[in-house]
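Just below is one structure, and these are the notes that go with it.
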Amino acid sequence: MLIALMRRLLMGHKVRIAAIVLLQLVQAAANLLLPTVNAAIVDDGIVAGNTALIWRLGMVMAVIAVLQAAAAITAGYLAAVVAMRMGQQLRGELFARIQSLSSQDVAVFGTQSLTTRATNDTQQIQAFAVLVFTMLVAGPAMGVGGVVLALHQDVALSSVIIVILPLLLLTMYLIVRRLIPLYREGQELLDRAGSVLREQIIGASVIRSFVRQNHEIRRFARTNSSLTTNNLQSALLVAGMLPLVMLVVNISSVAVVWFGGHRIQAGEMNVGALTAFIAYIFQILLAIMMSMYVLMTAPRASVSAERIGAVLSTEPSVRQPVNPQSLFLAPLQPPALAADVPRPFPLADAAVGNGRRPPRLVPATLEFSQVRFSYPGAEAPVLSGISFTARPGTVTAIVGSTGSGKSTLLNLIPRFLDSTAGHISLGGVDIKDVALESLRESMAIVPQQSHLFMGTIGDNLRMAKPGATDAELWEVLETAQTMRFMRDLPLGLATPLGQGGTNLSGGQRQRLCIARALLRKAPLYLFDDSFSALDYDTDTRVRQALQAVLAPATVIVVAERISAVEGAGLILVLDGGRLVAQGTHRELLETSATYREIAESQLALDGRP
C-alpha cells in the first residue's frame, strides 16, 4: 500500500525525482572518493615526502568536498519540496474524499479518526518521503561502493565486512518486524485519545455540571497511559538500534585496526590503505544505518498509508448519476410578484441566444413513492413505505415521536443519505438522476444542529450566496427576527464568531442559520426542527415572517411542537419509521390516534383545551 501510494503521488514529480537521484549519486561518489584520495596523500605524499603531491591532492579533496556538500544541499532542498507537495496533494485528496462521503460513511470511520488520518497520518507519509529522498538512494550507493572499494584496498581484510553485514541485517529485520504491529496499535490509540479529548472539550459544561471532572481525568489518563506505553515500546526499539549499530561499528573498527596492523607489519598493506579501509568500513556502516533508519520509519508510514488508503478507496454510498438530468424548477419569487407569476411558472416565450426557447420551469413538487431506508446490516429499516406529495405554496410538516425517522426522511431529499428502495422525485425528475450539486443548489436547508463557522456573521451568511450585498443580509436577518440581538453587536455583520458560533446563544445561532437559508432564493426549503431553541413569542414571529416570504415555495418542516404545525397544508405523522397518517391538523385530530395523543399531551401542557 505504501509503495503504491507513493508511486502515484510521485507521478507528477518525475523531473525532480530524477534530479534528486542524480545528486545523491554524485554525493555518494564524492564520499567514496575522499578516502581513496586520502590514502594516496598518506602513502604517496606524507610517507614519500612529496609536498607538491600533498598540496595537489589536498586541493582535489577540497573540490570533492565542496561538490559533495552542494549536491547534498540541493538534493535535500528538492526532497523537501517534493515531500511537501506530496503532503499537500494527499491532504487535498483526503479532504475531497471526506467531503464526498455521506454521514453514514463518515460514521464508519469516525470524525476523530478522519481528522487524524488527514493530519497525523499524512505527516507520517510526508516525513517518510523526506527520508527516502535524502537517504535511501545515497545509503545503498555508499554501501555497495564502499564494499567494492574496500575490496580494492585489501581483499583479506574485507572478511570483517562479511561477518558484520549479516549481523546488522538480522538486527534490522527483528526490529522492523516488531515495530509494525506497535505502530498500527499506536495510530489506533492516537485516534482514541483524540476522540476522548474532543468529547471532554466539547462537553466541558456537562462534565462540570455533573461534577465528573475526576472521572473524566481518570478516563483520559487510562487512554493516555496506553498510548504512552505503546510509544515507549516503539521508542525503545528505535533507540536501541543506535547502540547496537555503534557496538558493531566499534568492534569491527578494533578488528580492522588489529588485523590491519599485523598486515602492515608484515609488509602486506600500506598505512594509507588501512586508513582508507577504516573510512570505507565506517561508510558501509553509515549506509546501513541510513537504510536501517528509513526502514524503521517505514512501518509507521506503512500503517498510515493503509489508513489513508482505506479512506481514499471508500466509494461514497451516495453517488453521482452516470447521465445526470437537469432540474428546471421555478425559483422563489418576491412576495409582491408572486401573484403576478402564472402557474406553473413558465419562462417568457421570447427566443433566447441562438433562437431556441428556454426550457419551461416547473413547480418544485416533491414526491415520495414507497420510500424505504435501512442502514447496512440493520435488522429493521429506519423508514419503510413512505409515500406523500409536497406541493409548492404549501407547508408540509413532519411530526412524530423521538426516533421515528423524521430527520432521516428529511436527509433523503438532498441525498445526504440514499433511499434503499422506492423513488423520490423533485419537479418530476428522480433525484438520483440529478447531479448532487444541481440538486442541492435547488434547495435551502436549515439543519437540526445550528452550526456556524469561524469568521464573521457576514461570512457565515454569504455561504448561501457569496455575492450578496449587505442590504440583502440585513433583509434576511430582519426576516429571521435577529434584529434584537444584532443591534447590540457593535461590529454588526463584521462580528467575529468562534468555532461553531459558541459565543452566541442557541436561539441566536438558530436564527442566523434560518437567515442564511433565506438568502438563497430556492424553490424548496427544508427546516429540520429549526425552531426548537426559540421561545414561543420569537417562534411565532419567525413563522409569520417566513409564511409571507416563502409563500410560493415548497416548504418541508420537521417539528416537535404541534402548535407550530397547526396551519400546515399537509402534516405527516411518523411512528416507528412508518407513515401512519397524513392530512391537515383538523383531519388528523379526528382520524389519527397517534397524532391526537401527541396533540393532547402538548396542548394540555400549553394550557389549551
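Labels for the C-alpha cells follow display order: chains A, B, ..., residues from 1 in each chain, ligands from 1.
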What's around range 502-515 of chain A at 9 Å? Count only C-alpha atoms, leave out sequence neighbours fewer than 4 positions away in its own chain, and write the answer as a VMD selection string. chain A and resid 445 to 452 457 460 to 461 473 475 to 482 485 497 to 498 519 527 530 to 535 542
Determine, counting only C-alpha atoms, which protein, DNA and RNA residues have an atom within 8 Å of an atom of range 548-560 of chain A; residues of the same chain fewer than 5 positions away are not included. Present the result as a PyMOL selection string. chain A and resi 332-335+338+364-366+390-400+406-407+410+522-532+565
Run DSSP on the backbone and tell me which residues of range 311-495 of chain A come out as alpha helix (DSSP H); list them as a ChimeraX atom specification. /A:311-312,335-338,406-412,436-441,457-461,470-479,483-486
List the spatial neighbours of range 58-68 of chain A as number ranges by chain - criterion: any atom at most 10 Å away, only C-alpha atoms, same-chain residues fewer than 6 positions off excluded. A: 23-31, 33-38, 41, 52
List every residue of range 253-463 of chain A that DSSP, applied to the backbone of this structure, assigns to strand (DSSP E), and report them as a PyMOL selection string. chain A and resi 366-373+383-390+395-400+421-426+429-430+443-446+455-456
Can you write out the residues you just picked, keeping C-alpha atoms, as a CSV table (one decimal), in the first residue's frame?
```
chain,number,residue,atom,x,y,z
A,366,LEU,CA,-41.6,16.8,-4.1
A,367,GLU,CA,-43.0,13.3,-4.3
A,368,PHE,CA,-42.1,10.2,-2.2
A,369,SER,CA,-43.2,6.8,-3.5
A,370,GLN,CA,-42.9,3.8,-1.3
A,371,VAL,CA,-39.5,5.0,0.0
A,372,ARG,CA,-37.5,2.8,2.3
A,373,PHE,CA,-34.2,3.4,4.1
A,383,LEU,CA,-38.1,4.2,7.2
A,384,SER,CA,-40.5,2.0,5.3
A,385,GLY,CA,-43.3,2.6,2.8
A,386,ILE,CA,-43.2,6.4,2.9
A,387,SER,CA,-45.4,8.0,0.2
A,388,PHE,CA,-46.6,11.6,0.0
A,389,THR,CA,-46.6,14.6,-2.2
A,390,ALA,CA,-45.4,18.1,-1.1
A,395,VAL,CA,-46.1,23.8,4.1
A,396,THR,CA,-45.6,20.1,4.6
A,397,ALA,CA,-44.9,19.3,8.3
A,398,ILE,CA,-43.4,16.1,9.7
A,399,VAL,CA,-44.2,15.1,13.3
A,400,GLY,CA,-43.6,12.1,15.4
A,421,ALA,CA,-35.9,1.4,-2.1
A,422,GLY,CA,-38.7,3.4,-3.7
A,423,HIS,CA,-38.4,6.7,-5.6
A,424,ILE,CA,-38.1,10.4,-4.6
A,425,SER,CA,-38.8,12.9,-7.4
A,426,LEU,CA,-38.4,16.7,-7.5
A,429,VAL,CA,-37.3,14.1,-12.0
A,430,ASP,CA,-35.9,11.3,-9.8
A,443,MET,CA,-33.0,23.9,-2.1
A,444,ALA,CA,-32.1,25.8,1.1
A,445,ILE,CA,-31.6,23.8,4.3
A,446,VAL,CA,-31.7,24.7,7.9
A,455,GLY,CA,-15.4,34.1,10.7
A,456,THR,CA,-17.8,37.0,10.8
```
Pairwise distance for CA of Gln320 in chain A and CA of Ala435 in chain A, rounded to one decimal in Å: 5.9 Å
To one decimal in Å, tell me the separation between CA of Gly240 in chain A and CA of Ala193 in chain A. 26.9 Å
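Going from CA of Val238 in chain A to CA of Leu136 in chain A covers 17.8 Å.
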